[in-house]
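Trainee: I have a structure I would like to understand better, so I am pasting it below and will then ask my questions one at a time.
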Amino acid sequence: MNKRIKRLRKEIVYYLMALPGLTYLFINNYMPLPGLVLAFKNYNAKDGIWRSPWAGFDNFKYLFMTNDAFVITRNTVLYNLVFITLNTVFGISAAILLSRLRAKRVRNIYQIVMLLPHMISSVIISYLVFSFLGVEHGLINSMLTASGKEAISWYTEKQYWPFILVIVNVWKSIGYQAILYLSSIVSIDDSYYEAAVIDGANSWQQITKITLPLLKPTIIMLVLLAVGRIFNSDFGLFYQVPMNSGALFPVTNTIDTYVYRGLIELGTITRSAAAGMYQSIVGFILVLTANLIVRKIDRDNALF
Amino acid sequence: MNKDRTIQIIGHIVMFIITVCILLPLFILIGSSLTDNLTLIQCGYNVFPRKFSLDAYEYIFNSKESIFRSYGISIVLVMVGTTVSLCLSLPLAYAISRPGLTLKGPLIFYVFFTMLFNGGLVPTYVNYVNVFHIRDTFLALLLPNLLMNAMYILLIKNYFQNSVPEELMEAATVDGAGRFNIFLRIALPLAKPIIATIMLFVATGYWNDWNNGYVYLSKRRDLYGIQTLLNVLNQNIQALAQQDFDMNSSAEALSEMPTVSVRMAMAVVGLLPILVMYPFLQKNIVKGITLGAVKG
């Protein structure tokens, strides 16, 4: 007993140091959890969360009986699958190219530029996209009308948006992905390449026989972690870049934007809560599964 | 050797094209903001201003109220947010990095779990609005989500564990320094690289945030940061475009709406700190990204 008290006295400073941070996490991350019960309530502001009448599974029923759940799940998952594929392919290609360039200074400039979009807020990205797609003065429409074609009302024609969003996502992510892969390419031992050169391997063979195989664990890990987050969409991209245009919802509405609009614009707060809970739980299961697989492959790279 | 040369050339060509594609939208934005508004409306956006004009920036500079103030709010928010964030994160990370701490495991899990599962937007919103009443206060910009991030804490914790030699701290203990003093005088100075990186991420997070302002401010438009202001302009434009012409209200809204070049200039101004600081801090960012990818 005495020992324990002594130990506590020694450690109390550390607990006091941790306390403010832990309190914030409690407020920001743990206190909201009981609020998940909203998904099963018929909320009205007057009664508050706890005294509002129960609604059973009505909110979920609404979500899944209408087309809503299907559309937002499809959009979220499909876009993510395309993003993951393209990010991986482009990220690896850019990283390999960068690693091959000998001019260090220029290489550094490429790297700086490529990572820049990662630092830009999605609001400003939407302004950038608008300067291309703006109906009246946008660059693309100016070019279309100059060459005698008809201008396109980009923000009301949904068929273009899957492509636009994919392009914007590549623009935004390529540098970030390249840097992730570059860091593991750089850590490959030079002696592999030296031996290959002596054996007469050309650059292409070096890439396919050395770089890619040695990159495989990193690729698998990053892809699996991304798949684990497949139920979460880049909210800024889907909300800001299409400028929240209603005509585009069938192809731009993801779980995150649906939850957000329900809460902020439509006031259908319980439906939002239901969709949010659906996302949290499926997302949780996916992360756990992805991590389990990563753990099987390579223990060191698993999250836990 | 000849083949290698071809690869170098192709590599540079491809990289150059990528660089241009990435920079082009930014140049168009900047070019448009420097174009006379009428010319902009007639000729559209362009990289090179057809008729150079600083009117848009003059307008921003002279508009005493909204734009200037929101810029100020953004700056204050970044400074306060980053400071508070470090004051909370560093001691916590240090504490849970101490070897042999009785509750080490549970505390790390407590932090880590917030990365795995969260209530999402609605419960968080209800919690902050109904329990803490932060709606329409400065705290609404500061508190939700941005202040601390479990991944950053774990990164700092790992840094304390792996890169700050335990012997140094033990030696200080023998010299009679208190535990908190060791943290302040020895551990923190040695952790400078990771602190700089995390500071940068937190600061960028606050500077780029438009979300908290949009969600939690309804009456206090004077608390809008620059990104929130840009977002609200966006929303208004879209609302105008979709409106079933209620002539009066849209005419009124239109007259309040800044011109196209002013909006572009505002976006440039919102982007400016990032553009100016980023090239110098890029090394720290890269370090943070690669660290974060390995764990987290």
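If you're wondering about the labels, chains in the structure tokens are A, B, ... by order shown, residues count from 1 in each chain, ligands from 1 in order shown.
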Just need the residues of chain A within 6 Å of chain B, counting only C-alpha atoms, so spit them out as a list in words.
Mentor: Tyr14, Met17, Ala18, Pro20, Gly21, Pro32, Leu33, Gly35, Leu36, Leu97, Leu101, Ser121, Val123, Ile124, Leu128, His137, Gly138, Leu139, Leu180, Ala273, Gly276 and Phe284 of chain A
Trainee: Mind dumping the selected residues with N, CA and C atoms as a PDB file, in the first residue's frame?
Mentor:
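Output below, filename part-v3.pdb:
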```pdb
ATOM      1  N   TYR A  14       2.628  13.826 -13.725  1.00  0.00           N
ATOM      2  CA  TYR A  14       2.309  13.443 -15.097  1.00  0.00           C
ATOM      3  C   TYR A  14       0.805  13.449 -15.337  1.00  0.00           C
ATOM      4  N   MET A  17      -0.314  16.882 -15.752  1.00  0.00           N
ATOM      5  CA  MET A  17       0.062  17.401 -17.055  1.00  0.00           C
ATOM      6  C   MET A  17      -0.890  16.907 -18.140  1.00  0.00           C
ATOM      7  N   ALA A  18      -1.320  15.655 -17.998  1.00  0.00           N
ATOM      8  CA  ALA A  18      -2.188  15.066 -19.020  1.00  0.00           C
ATOM      9  C   ALA A  18      -3.621  15.575 -18.921  1.00  0.00           C
ATOM     10  N   PRO A  20      -5.477  18.466 -18.694  1.00  0.00           N
ATOM     11  CA  PRO A  20      -6.172  19.397 -19.589  1.00  0.00           C
ATOM     12  C   PRO A  20      -6.450  18.793 -20.962  1.00  0.00           C
ATOM     13  N   GLY A  21      -5.459  18.126 -21.518  1.00  0.00           N
ATOM     14  CA  GLY A  21      -5.635  17.498 -22.829  1.00  0.00           C
ATOM     15  C   GLY A  21      -6.695  16.422 -22.798  1.00  0.00           C
ATOM     16  N   PRO A  32     -19.958  13.688 -26.769  1.00  0.00           N
ATOM     17  CA  PRO A  32     -21.005  13.595 -27.795  1.00  0.00           C
ATOM     18  C   PRO A  32     -21.547  12.189 -27.998  1.00  0.00           C
ATOM     19  N   LEU A  33     -20.805  11.148 -27.582  1.00  0.00           N
ATOM     20  CA  LEU A  33     -21.227   9.784 -27.914  1.00  0.00           C
ATOM     21  C   LEU A  33     -22.653   9.425 -27.469  1.00  0.00           C
ATOM     22  N   GLY A  35     -25.033  11.211 -27.418  1.00  0.00           N
ATOM     23  CA  GLY A  35     -25.911  11.918 -28.358  1.00  0.00           C
ATOM     24  C   GLY A  35     -26.289  11.080 -29.555  1.00  0.00           C
ATOM     25  N   LEU A  36     -25.581   9.973 -29.754  1.00  0.00           N
ATOM     26  CA  LEU A  36     -25.946   9.079 -30.857  1.00  0.00           C
ATOM     27  C   LEU A  36     -27.379   8.589 -30.723  1.00  0.00           C
ATOM     28  N   LEU A  97       9.167   8.627 -60.720  1.00  0.00           N
ATOM     29  CA  LEU A  97       9.778   9.612 -61.610  1.00  0.00           C
ATOM     30  C   LEU A  97      10.662  10.577 -60.824  1.00  0.00           C
ATOM     31  N   LEU A 101      14.991  11.378 -61.016  1.00  0.00           N
ATOM     32  CA  LEU A 101      15.594  12.625 -61.502  1.00  0.00           C
ATOM     33  C   LEU A 101      16.858  12.925 -60.705  1.00  0.00           C
ATOM     34  N   SER A 121      -7.264  25.434 -48.671  1.00  0.00           N
ATOM     35  CA  SER A 121      -8.580  25.096 -48.120  1.00  0.00           C
ATOM     36  C   SER A 121      -9.558  24.799 -49.245  1.00  0.00           C
ATOM     37  N   VAL A 123     -12.533  25.728 -49.658  1.00  0.00           N
ATOM     38  CA  VAL A 123     -13.266  26.895 -50.139  1.00  0.00           C
ATOM     39  C   VAL A 123     -12.495  27.536 -51.280  1.00  0.00           C
ATOM     40  N   ILE A 124     -11.208  27.693 -51.068  1.00  0.00           N
ATOM     41  CA  ILE A 124     -10.408  28.340 -52.105  1.00  0.00           C
ATOM     42  C   ILE A 124     -10.292  27.439 -53.330  1.00  0.00           C
ATOM     43  N   LEU A 128     -11.057  28.273 -57.266  1.00  0.00           N
ATOM     44  CA  LEU A 128     -10.188  27.911 -58.390  1.00  0.00           C
ATOM     45  C   LEU A 128     -10.987  27.175 -59.464  1.00  0.00           C
ATOM     46  N   HIS A 137     -18.174  33.659 -67.145  1.00  0.00           N
ATOM     47  CA  HIS A 137     -16.818  34.090 -67.516  1.00  0.00           C
ATOM     48  C   HIS A 137     -15.784  33.007 -67.334  1.00  0.00           C
ATOM     49  N   GLY A 138     -16.222  31.813 -67.003  1.00  0.00           N
ATOM     50  CA  GLY A 138     -15.268  30.731 -66.755  1.00  0.00           C
ATOM     51  C   GLY A 138     -14.385  30.461 -67.958  1.00  0.00           C
ATOM     52  N   LEU A 139     -13.182  30.032 -67.681  1.00  0.00           N
ATOM     53  CA  LEU A 139     -12.193  29.822 -68.734  1.00  0.00           C
ATOM     54  C   LEU A 139     -12.693  28.841 -69.798  1.00  0.00           C
ATOM     55  N   LEU A 180       4.320  10.314 -49.842  1.00  0.00           N
ATOM     56  CA  LEU A 180       4.222   9.096 -49.041  1.00  0.00           C
ATOM     57  C   LEU A 180       5.066   7.982 -49.651  1.00  0.00           C
ATOM     58  N   ALA A 273     -28.688  12.355 -37.868  1.00  0.00           N
ATOM     59  CA  ALA A 273     -28.079  11.554 -36.812  1.00  0.00           C
ATOM     60  C   ALA A 273     -28.074  10.087 -37.202  1.00  0.00           C
ATOM     61  N   GLY A 276     -25.466   9.592 -39.768  1.00  0.00           N
ATOM     62  CA  GLY A 276     -24.165   9.713 -39.131  1.00  0.00           C
ATOM     63  C   GLY A 276     -23.796   8.460 -38.354  1.00  0.00           C
ATOM     64  N   PHE A 284     -16.317   2.174 -38.437  1.00  0.00           N
ATOM     65  CA  PHE A 284     -15.578   1.534 -37.341  1.00  0.00           C
ATOM     66  C   PHE A 284     -15.245   0.087 -37.693  1.00  0.00           C
TER      67      PHE A 284
END
```
Trainee: Within 12 Å of B:Leu54, counting only C-alpha atoms, which residues show up once you throw out same-chain ones fewer than 5 positions away? Write them as a ChimeraX atom specification, please.
Mentor: /B:30-37,49,59-61,261-262,264-265
Trainee: Go ahead and save the picked residues with N, CA and C atoms, as a PDB file, in the first residue's frame.
Mentor:
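Writing the result to out-v2.pdb gives the following:
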```
ATOM      1  N   ILE B  30      -5.025  34.479 -59.537  1.00  0.00           N
ATOM      2  CA  ILE B  30      -4.277  35.699 -59.273  1.00  0.00           C
ATOM      3  C   ILE B  30      -4.434  36.677 -60.438  1.00  0.00           C
ATOM      4  N   GLY B  31      -4.322  36.144 -61.658  1.00  0.00           N
ATOM      5  CA  GLY B  31      -4.481  36.992 -62.840  1.00  0.00           C
ATOM      6  C   GLY B  31      -5.839  37.675 -62.855  1.00  0.00           C
ATOM      7  N   SER B  32      -6.901  36.906 -62.552  1.00  0.00           N
ATOM      8  CA  SER B  32      -8.249  37.491 -62.579  1.00  0.00           C
ATOM      9  C   SER B  32      -8.417  38.561 -61.517  1.00  0.00           C
ATOM     10  N   SER B  33      -7.785  38.322 -60.366  1.00  0.00           N
ATOM     11  CA  SER B  33      -7.946  39.308 -59.297  1.00  0.00           C
ATOM     12  C   SER B  33      -7.262  40.623 -59.671  1.00  0.00           C
ATOM     13  N   LEU B  34      -6.333  40.555 -60.618  1.00  0.00           N
ATOM     14  CA  LEU B  34      -5.614  41.768 -61.030  1.00  0.00           C
ATOM     15  C   LEU B  34      -6.209  42.366 -62.297  1.00  0.00           C
ATOM     16  N   THR B  35      -7.357  41.818 -62.729  1.00  0.00           N
ATOM     17  CA  THR B  35      -7.975  42.318 -63.948  1.00  0.00           C
ATOM     18  C   THR B  35      -9.094  43.291 -63.594  1.00  0.00           C
ATOM     19  N   ASP B  36      -9.230  44.279 -64.417  1.00  0.00           N
ATOM     20  CA  ASP B  36     -10.339  45.219 -64.288  1.00  0.00           C
ATOM     21  C   ASP B  36     -11.659  44.454 -64.351  1.00  0.00           C
ATOM     22  N   ASN B  37     -12.591  44.773 -63.465  1.00  0.00           N
ATOM     23  CA  ASN B  37     -13.801  43.958 -63.334  1.00  0.00           C
ATOM     24  C   ASN B  37     -14.622  43.885 -64.620  1.00  0.00           C
ATOM     25  N   PRO B  49      -3.703  39.407 -67.049  1.00  0.00           N
ATOM     26  CA  PRO B  49      -4.764  40.413 -67.029  1.00  0.00           C
ATOM     27  C   PRO B  49      -4.781  41.181 -68.357  1.00  0.00           C
ATOM     28  N   TYR B  59     -10.340  47.923 -53.101  1.00  0.00           N
ATOM     29  CA  TYR B  59     -11.653  47.761 -52.494  1.00  0.00           C
ATOM     30  C   TYR B  59     -11.534  47.003 -51.173  1.00  0.00           C
ATOM     31  N   ILE B  60     -10.770  45.908 -51.204  1.00  0.00           N
ATOM     32  CA  ILE B  60     -10.589  45.121 -49.984  1.00  0.00           C
ATOM     33  C   ILE B  60      -9.904  45.954 -48.905  1.00  0.00           C
ATOM     34  N   PHE B  61      -8.890  46.683 -49.331  1.00  0.00           N
ATOM     35  CA  PHE B  61      -8.105  47.468 -48.394  1.00  0.00           C
ATOM     36  C   PHE B  61      -8.940  48.573 -47.760  1.00  0.00           C
ATOM     37  N   SER B 261     -14.064  40.304 -59.590  1.00  0.00           N
ATOM     38  CA  SER B 261     -12.626  40.459 -59.321  1.00  0.00           C
ATOM     39  C   SER B 261     -12.358  40.617 -57.830  1.00  0.00           C
ATOM     40  N   VAL B 262     -13.285  41.228 -57.112  1.00  0.00           N
ATOM     41  CA  VAL B 262     -13.103  41.350 -55.661  1.00  0.00           C
ATOM     42  C   VAL B 262     -13.141  39.976 -55.008  1.00  0.00           C
ATOM     43  N   MET B 264     -12.321  37.182 -56.379  1.00  0.00           N
ATOM     44  CA  MET B 264     -11.062  36.509 -56.699  1.00  0.00           C
ATOM     45  C   MET B 264      -9.934  37.057 -55.822  1.00  0.00           C
ATOM     46  N   ALA B 265      -9.944  38.373 -55.643  1.00  0.00           N
ATOM     47  CA  ALA B 265      -8.898  38.992 -54.812  1.00  0.00           C
ATOM     48  C   ALA B 265      -9.006  38.498 -53.373  1.00  0.00           C
TER      49      ALA B 265
END
```
Trainee: Enumerate, as a PyMOL selection string, the complete set of residues in stretch 1-150 of chain A that a backbone-based DSSP assignment places in alpha helix (DSSP H).
Mentor: chain A and resi 2-25+48-51+58-65+68-100+104-115+122-133+139-146
Trainee: For stretch 157-169 of chain A, work out the shell of residues within 9 Å, counting only C-alpha atoms and skipping chain neighbours fewer than 5 positions away, then give it as a PDB file with N, CA, C and O atoms, in the first residue's frame.
Mentor:
```pdb
ATOM      1  N   TYR A  79     -16.772   6.800 -55.390  1.00  0.00           N
ATOM      2  CA  TYR A  79     -15.764   7.851 -55.545  1.00  0.00           C
ATOM      3  C   TYR A  79     -14.483   7.453 -54.825  1.00  0.00           C
ATOM      4  O   TYR A  79     -13.389   7.588 -55.357  1.00  0.00           O
ATOM      5  N   VAL A  82     -12.502   4.902 -56.805  1.00  0.00           N
ATOM      6  CA  VAL A  82     -11.785   5.534 -57.921  1.00  0.00           C
ATOM      7  C   VAL A  82     -10.617   6.359 -57.393  1.00  0.00           C
ATOM      8  O   VAL A  82      -9.501   6.288 -57.913  1.00  0.00           O
ATOM      9  N   PHE A  83     -10.864   7.122 -56.336  1.00  0.00           N
ATOM     10  CA  PHE A  83      -9.794   7.961 -55.770  1.00  0.00           C
ATOM     11  C   PHE A  83      -8.614   7.100 -55.317  1.00  0.00           C
ATOM     12  O   PHE A  83      -7.464   7.418 -55.584  1.00  0.00           O
ATOM     13  N   LEU A  86      -6.718   5.762 -58.427  1.00  0.00           N
ATOM     14  CA  LEU A  86      -5.937   6.779 -59.128  1.00  0.00           C
ATOM     15  C   LEU A  86      -4.830   7.344 -58.247  1.00  0.00           C
ATOM     16  O   LEU A  86      -3.704   7.546 -58.701  1.00  0.00           O
ATOM     17  N   ASN A  87      -5.149   7.595 -56.992  1.00  0.00           N
ATOM     18  CA  ASN A  87      -4.126   8.136 -56.088  1.00  0.00           C
ATOM     19  C   ASN A  87      -2.929   7.200 -56.006  1.00  0.00           C
ATOM     20  O   ASN A  87      -1.782   7.637 -56.009  1.00  0.00           O
ATOM     21  N   ILE A 125     -10.242  26.139 -53.116  1.00  0.00           N
ATOM     22  CA  ILE A 125     -10.253  25.232 -54.269  1.00  0.00           C
ATOM     23  C   ILE A 125     -11.532  25.440 -55.069  1.00  0.00           C
ATOM     24  O   ILE A 125     -11.512  25.444 -56.290  1.00  0.00           O
ATOM     25  N   VAL A 129     -11.810  26.209 -59.022  1.00  0.00           N
ATOM     26  CA  VAL A 129     -12.601  25.446 -59.980  1.00  0.00           C
ATOM     27  C   VAL A 129     -13.610  26.358 -60.670  1.00  0.00           C
ATOM     28  O   VAL A 129     -13.839  26.268 -61.872  1.00  0.00           O
ATOM     29  N   ILE A 152     -21.587  25.719 -71.571  1.00  0.00           N
ATOM     30  CA  ILE A 152     -22.233  24.682 -70.762  1.00  0.00           C
ATOM     31  C   ILE A 152     -22.503  25.233 -69.367  1.00  0.00           C
ATOM     32  O   ILE A 152     -21.655  25.893 -68.777  1.00  0.00           O
ATOM     33  N   ILE A 174      -2.209  14.311 -55.619  1.00  0.00           N
ATOM     34  CA  ILE A 174      -1.080  13.631 -56.251  1.00  0.00           C
ATOM     35  C   ILE A 174       0.227  13.893 -55.502  1.00  0.00           C
ATOM     36  O   ILE A 174       1.009  12.973 -55.262  1.00  0.00           O
ATOM     37  N   LEU A 237     -14.371  18.629 -50.524  1.00  0.00           N
ATOM     38  CA  LEU A 237     -14.410  18.391 -51.965  1.00  0.00           C
ATOM     39  C   LEU A 237     -15.849  18.260 -52.462  1.00  0.00           C
ATOM     40  O   LEU A 237     -16.234  18.871 -53.453  1.00  0.00           O
ATOM     41  N   PHE A 238     -16.665  17.489 -51.753  1.00  0.00           N
ATOM     42  CA  PHE A 238     -18.008  17.224 -52.239  1.00  0.00           C
ATOM     43  C   PHE A 238     -19.001  18.327 -51.906  1.00  0.00           C
ATOM     44  O   PHE A 238     -20.047  18.433 -52.525  1.00  0.00           O
ATOM     45  N   VAL A 241     -16.688  22.202 -53.738  1.00  0.00           N
ATOM     46  CA  VAL A 241     -16.344  22.289 -55.156  1.00  0.00           C
ATOM     47  C   VAL A 241     -17.579  22.327 -56.057  1.00  0.00           C
ATOM     48  O   VAL A 241     -17.632  23.138 -56.976  1.00  0.00           O
ATOM     49  N   PRO A 242     -18.638  21.529 -55.810  1.00  0.00           N
ATOM     50  CA  PRO A 242     -19.849  21.688 -56.626  1.00  0.00           C
ATOM     51  C   PRO A 242     -20.699  22.883 -56.176  1.00  0.00           C
ATOM     52  O   PRO A 242     -21.825  23.030 -56.621  1.00  0.00           O
ATOM     53  N   ALA A 247     -28.881  20.737 -58.166  1.00  0.00           N
ATOM     54  CA  ALA A 247     -29.046  19.927 -59.368  1.00  0.00           C
ATOM     55  C   ALA A 247     -28.009  18.814 -59.453  1.00  0.00           C
ATOM     56  O   ALA A 247     -28.195  17.839 -60.164  1.00  0.00           O
ATOM     57  N   LEU A 248     -26.926  18.975 -58.705  1.00  0.00           N
ATOM     58  CA  LEU A 248     -25.839  17.995 -58.807  1.00  0.00           C
ATOM     59  C   LEU A 248     -25.891  16.927 -57.719  1.00  0.00           C
ATOM     60  O   LEU A 248     -25.105  15.988 -57.734  1.00  0.00           O
ATOM     61  N   PHE A 249     -26.814  17.076 -56.772  1.00  0.00           N
ATOM     62  CA  PHE A 249     -26.839  16.166 -55.625  1.00  0.00           C
ATOM     63  C   PHE A 249     -26.791  14.679 -55.995  1.00  0.00           C
ATOM     64  O   PHE A 249     -26.102  13.913 -55.328  1.00  0.00           O
ATOM     65  N   PRO A 250     -27.526  14.253 -57.044  1.00  0.00           N
ATOM     66  CA  PRO A 250     -27.484  12.810 -57.338  1.00  0.00           C
ATOM     67  C   PRO A 250     -26.069  12.270 -57.522  1.00  0.00           C
ATOM     68  O   PRO A 250     -25.821  11.102 -57.244  1.00  0.00           O
ATOM     69  N   VAL A 251     -25.146  13.100 -57.987  1.00  0.00           N
ATOM     70  CA  VAL A 251     -23.784  12.596 -58.165  1.00  0.00           C
ATOM     71  C   VAL A 251     -22.772  13.209 -57.203  1.00  0.00           C
ATOM     72  O   VAL A 251     -21.601  12.853 -57.229  1.00  0.00           O
ATOM     73  N   THR A 252     -23.200  14.156 -56.365  1.00  0.00           N
ATOM     74  CA  THR A 252     -22.224  14.757 -55.449  1.00  0.00           C
ATOM     75  C   THR A 252     -22.549  14.512 -53.978  1.00  0.00           C
ATOM     76  O   THR A 252     -21.731  14.809 -53.115  1.00  0.00           O
TER      77      THR A 252
END
```
